[in-house]
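Notes follow once the structure below has been shown.
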Amino acid sequence: MNELLGPAEVRDLATRLGVRPTKTLGQNFVHDANTIRRIVRLADVDETTVALEVGPGLGSLTLGLLPRVRELHAVEIDPVLARALPATVAAHTSPAVAARLRIHHRDALEVRAVELDPHPSVLVANLPYNTGVPILLHLLAELDLARAVVMVQREVADRLVAEPGSRIYGVPSVKLRWFGRAEVAGRVPATVFWPVPHVESALVAFRAQPVEHGITRGAVFQVVDAAFAQRRKMLRSALAPWAGSGSVAAEVLERAAVAPTARGEQLSLAAFVEIARVGAAMGLAGIVGA
């Protein structure tokens with residue numbers, strides 16, 4: 001059986017449920033079967049995979065994933081969609097395949113590892129445009145995922161994979177690099193969605209690369225946030241609130257072998273890690289115990 005939802009099915013299902021896509025929840029439903037197959041292929045899942053999907057919506061991607069995984073956790077914040085998903089799955093798959101679905105009606109930003117049993121190793125999702133980056137970073141931190149394939153706004157995808165020195169390199173770029181490596185795996189036209197968004201989307205493929213940095217993630221992310229809070233400022237000024245003063249910030253940077261006149265967009269993750277290490281060694285109150 002295992003039918004995927006087409007344009008007519010997506011609209012009919014939304015009508016029956018009384019669902020009107022909202023910008024608040026970033027709801028744009030994929031109705032193109034080829035796009036679904038493309039995402040599932042990139043996710044590289046098999047019968048041993050426990051996967052996590054965020055924002056299953058009407059079930060397009062869910063139906064593409066279920067026949068190929070051992071179990072699928074689907075996190076949906078919309079109560080109407082969360083309640084309707086089991087019936088949609090049952091109508092388009094076999095009972096054995098439908099039994100693989102685990103629905104969690106909640107905000108993805110509040111998901112905790114203890115709630116998902118068995119533990120997922122792969123994230124596959126069409127993330128909401130307005131909260132995609134916070135959701136991705138939260139889930140990587142909370143769930144220790146091995147890999148992910150997510151669809152986000154094209155500009156967001158470019159920022160996530162940007163390298164130091166790029167004008168779009170920033171907080172998302174550095175923080176995602178903490179967890180592993182990511183690349184843009186292809187563009188997605190607006191026409192595969194209903195309603196059609198005013199922006200183009202892209203697929204980001206991520207693989208975890210655990211590294212022991214010798215300093216906590218929280219400590220490093222404090223430095224990253226401070227460095228980019230006032231992007232045009234030199235680091236000795238940008239890090240002054242974090243360090244307590246500009247002179248202390250300059251001293252930290254010099255000990256970390258980073259030019260005080262540099263800007264955050266020029267620094268690699270390794271440089272931010274070293275700044276946090278030096279700050280911790282100097283006993284800066286803002287990061288001790290972070």
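Labels used: A, B, ... for chains in the order of the structure tokens, numbers from 1 for residues in each chain, and numbers from 1 for ligands as shown.
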Next on the checklist: So that I can check the surroundings of A:Arg167, please list as a list in words every protein, DNA and RNA residue that reaches within 10 Å of it, counting only C-alpha atoms and ignoring chain neighbours fewer than 4 positions away.
Outcome noted: Arg159, Ala162, Glu163, Glu265 and Gln266 of chain A
Can you spit out the residues from that selection as a PDB file, in the first residue's frame, using N, CA, C and O atoms?
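Wrote it out as result-v2.pdb, contents follow:
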```
ATOM      1  N   ARG A 159      23.874  29.932   5.796  1.00  0.00           N
ATOM      2  CA  ARG A 159      24.505  30.404   7.031  1.00  0.00           C
ATOM      3  C   ARG A 159      25.006  29.236   7.881  1.00  0.00           C
ATOM      4  O   ARG A 159      26.069  29.316   8.496  1.00  0.00           O
ATOM      5  N   ALA A 162      28.329  28.020   6.418  1.00  0.00           N
ATOM      6  CA  ALA A 162      29.324  29.040   6.067  1.00  0.00           C
ATOM      7  C   ALA A 162      30.639  28.811   6.818  1.00  0.00           C
ATOM      8  O   ALA A 162      30.668  28.289   7.941  1.00  0.00           O
ATOM      9  N   GLU A 163      31.726  29.204   6.191  1.00  0.00           N
ATOM     10  CA  GLU A 163      33.067  29.078   6.766  1.00  0.00           C
ATOM     11  C   GLU A 163      33.568  30.430   7.256  1.00  0.00           C
ATOM     12  O   GLU A 163      33.073  31.476   6.810  1.00  0.00           O
ATOM     13  N   GLU A 265      33.620  37.047  12.873  1.00  0.00           N
ATOM     14  CA  GLU A 265      33.417  36.335  11.602  1.00  0.00           C
ATOM     15  C   GLU A 265      34.712  35.769  11.027  1.00  0.00           C
ATOM     16  O   GLU A 265      34.682  34.974  10.083  1.00  0.00           O
ATOM     17  N   GLN A 266      35.859  36.143  11.609  1.00  0.00           N
ATOM     18  CA  GLN A 266      37.137  35.642  11.117  1.00  0.00           C
ATOM     19  C   GLN A 266      37.607  34.394  11.873  1.00  0.00           C
ATOM     20  O   GLN A 266      38.559  33.737  11.453  1.00  0.00           O
TER      21      GLN A 266
END
```
Wanna dump the stretch 112-230 of chain A-stretch 37-47 of chain A contacts at 7 Å for me, each residue with its shortest atom pair and the distance in Å to one decimal, counting only C-alpha atoms, ordered by chain and number, as JSON lines?
```
{"residue": "A:Val124", "atom": "CA", "partner": "A:Ala43", "partner_atom": "CA", "distance": 6.7}
{"residue": "A:Ala148", "atom": "CA", "partner": "A:Ala43", "partner_atom": "CA", "distance": 6.8}
{"residue": "A:Val149", "atom": "CA", "partner": "A:Ala43", "partner_atom": "CA", "distance": 5.7}
```
Checklist entry - For A:Ala259, which residue out of A:Ala276, A:Ile168, A:Leu235, A:Ala190 is the nearest one, using only C-alpha atoms? => result A:Leu235
List every residue of stretch 188-290 of chain A that has an atom at most 9 Å from any atom of stretch 141-146 of chain A, and for each one report the closest atom pair and its distance in Å to one decimal, counting only C-alpha atoms, with rows sorted by chain and then by increasing residue number, as JSON lines.
```
{"residue": "A:Phe206", "atom": "CA", "partner": "A:Ala146", "partner_atom": "CA", "distance": 8.4}
{"residue": "A:Arg207", "atom": "CA", "partner": "A:Ala146", "partner_atom": "CA", "distance": 6.0}
{"residue": "A:Ala208", "atom": "CA", "partner": "A:Ala146", "partner_atom": "CA", "distance": 5.1}
{"residue": "A:Gln209", "atom": "CA", "partner": "A:Ala146", "partner_atom": "CA", "distance": 8.3}
```
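Counting only C-alpha atoms, A:Glu76 has the following residues at most 10 Å away, ignoring those fewer than 4 positions along the same chain: Glu53, Val54, Gly55, Pro56, Gly57, Val80, Leu81, Ala82, Arg83, Leu85, Ile103, His104, His105, Arg106, Asp107 and Ala108 of chain A.
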Take the residues from that selection and write them out as an mmCIF file, in the first residue's frame, keeping C-alpha atoms.
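again08.cif, freshly written:
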```
data_model
loop_
_atom_site.group_PDB
_atom_site.id
_atom_site.type_symbol
_atom_site.label_atom_id
_atom_site.label_comp_id
_atom_site.auth_asym_id
_atom_site.auth_seq_id
_atom_site.Cartn_x
_atom_site.Cartn_y
_atom_site.Cartn_z
ATOM 1 C CA GLU A 53 10.853 13.769 12.548
ATOM 2 C CA VAL A 54 9.957 17.291 13.684
ATOM 3 C CA GLY A 55 6.753 18.858 12.396
ATOM 4 C CA PRO A 56 5.270 15.936 10.463
ATOM 5 C CA GLY A 57 2.276 18.102 9.611
ATOM 6 C CA VAL A 80 -5.104 18.837 15.391
ATOM 7 C CA LEU A 81 -2.275 17.503 13.257
ATOM 8 C CA ALA A 82 -0.905 15.341 16.057
ATOM 9 C CA ARG A 83 -4.304 13.692 16.578
ATOM 10 C CA LEU A 85 -1.540 11.658 11.935
ATOM 11 C CA ILE A 103 3.731 10.552 18.169
ATOM 12 C CA HIS A 104 4.766 13.248 20.646
ATOM 13 C CA HIS A 105 2.464 16.263 20.886
ATOM 14 C CA ARG A 106 4.830 18.938 22.093
ATOM 15 C CA ASP A 107 7.175 21.774 21.174
ATOM 16 C CA ALA A 108 10.403 20.430 19.657
#
```
Item to check | Pairwise distance for atom CA of A:Pro164 and atom CA of A:Arg263, rounded to one decimal in Å | outcome: 10.3 Å
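The environment of A:Leu136 within 9 Å, counting only C-alpha atoms and disregarding residues fewer than 3 places along the same chain, consists of Leu109, Leu123, Leu127, Thr131, Gly132, Val133, Leu139, Leu140, Ala141, Val150 and Leu176 of chain A.
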Now that the selection is made, can you save its residues with all heavy atoms as a compact mmCIF listing (two decimals), in the first residue's frame?
```
# COMPACT_ATOMS: atom_id res chain seq x y z
N LEU A 109 11.34 22.34 20.84
CA LEU A 109 12.35 23.01 21.68
C LEU A 109 12.31 22.53 23.13
O LEU A 109 13.20 22.87 23.92
CB LEU A 109 12.14 24.53 21.64
CG LEU A 109 12.52 25.20 20.31
CD1 LEU A 109 12.02 26.63 20.28
CD2 LEU A 109 14.02 25.14 20.10
N LEU A 123 17.92 12.53 12.63
CA LEU A 123 16.85 13.54 12.51
C LEU A 123 16.57 13.76 11.03
O LEU A 123 17.49 14.01 10.24
CB LEU A 123 17.29 14.85 13.16
CG LEU A 123 16.41 16.08 12.90
CD1 LEU A 123 15.03 15.91 13.52
CD2 LEU A 123 17.09 17.34 13.41
N LEU A 127 11.91 21.57 8.72
CA LEU A 127 11.84 22.42 9.91
C LEU A 127 11.09 23.72 9.62
O LEU A 127 11.17 24.27 8.51
CB LEU A 127 13.25 22.75 10.40
CG LEU A 127 14.06 21.57 10.96
CD1 LEU A 127 15.47 22.01 11.30
CD2 LEU A 127 13.37 20.97 12.19
N THR A 131 11.78 28.91 13.30
CA THR A 131 12.47 28.34 14.48
C THR A 131 13.40 27.19 14.11
O THR A 131 13.82 26.43 14.97
CB THR A 131 11.44 27.83 15.51
OG1 THR A 131 10.53 26.91 14.87
CG2 THR A 131 10.65 28.98 16.12
N GLY A 132 13.74 27.06 12.84
CA GLY A 132 14.53 25.91 12.40
C GLY A 132 15.89 25.79 13.07
O GLY A 132 16.28 24.71 13.52
N VAL A 133 16.63 26.89 13.15
CA VAL A 133 17.98 26.83 13.73
C VAL A 133 17.94 26.51 15.22
O VAL A 133 18.66 25.61 15.68
CB VAL A 133 18.75 28.14 13.47
CG1 VAL A 133 20.05 28.17 14.26
CG2 VAL A 133 19.04 28.29 11.98
N LEU A 139 18.16 19.99 19.45
CA LEU A 139 18.08 18.53 19.31
C LEU A 139 19.47 17.91 19.22
O LEU A 139 19.70 16.82 19.76
CB LEU A 139 17.24 18.17 18.09
CG LEU A 139 15.76 18.55 18.18
CD1 LEU A 139 15.04 18.25 16.87
CD2 LEU A 139 15.08 17.80 19.34
N LEU A 140 20.40 18.57 18.58
CA LEU A 140 21.76 18.05 18.52
C LEU A 140 22.39 18.01 19.91
O LEU A 140 23.11 17.07 20.26
CB LEU A 140 22.63 18.90 17.58
CG LEU A 140 22.31 18.76 16.09
CD1 LEU A 140 23.14 19.75 15.29
CD2 LEU A 140 22.56 17.34 15.60
N ALA A 141 22.11 19.03 20.71
CA ALA A 141 22.65 19.07 22.07
C ALA A 141 21.99 18.05 22.98
O ALA A 141 22.63 17.42 23.82
CB ALA A 141 22.49 20.48 22.64
N VAL A 150 17.86 18.01 7.13
CA VAL A 150 16.77 18.94 7.44
C VAL A 150 16.56 19.90 6.28
O VAL A 150 17.51 20.27 5.58
CB VAL A 150 17.05 19.75 8.72
CG1 VAL A 150 17.13 18.82 9.93
CG2 VAL A 150 18.33 20.56 8.61
N LEU A 176 26.85 24.99 14.99
CA LEU A 176 26.64 23.71 14.31
C LEU A 176 27.97 22.97 14.15
O LEU A 176 28.02 21.74 14.27
CB LEU A 176 25.99 23.94 12.95
CG LEU A 176 25.61 22.66 12.18
CD1 LEU A 176 24.61 21.82 12.99
CD2 LEU A 176 25.03 22.99 10.82
```
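Each of A:Val152, A:Val211, A:Met282, A:Ala270 was compared to A:Pro197 using only C-alpha atoms, and A:Val152 turns out to be the nearest.
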Next on the checklist: Please return, as an MDAnalysis selection string, all residues of stretch 197-289 of chain A that DSSP assigns to alpha helix (DSSP H) on the basis of the backbone.
Outcome noted: chainID A and resid 217:229 235:238 240:243 246:255 269:281
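Of note, atom CA of A:Val122 and atom CA of A:Thr49 are spaced 7.5 Å apart.
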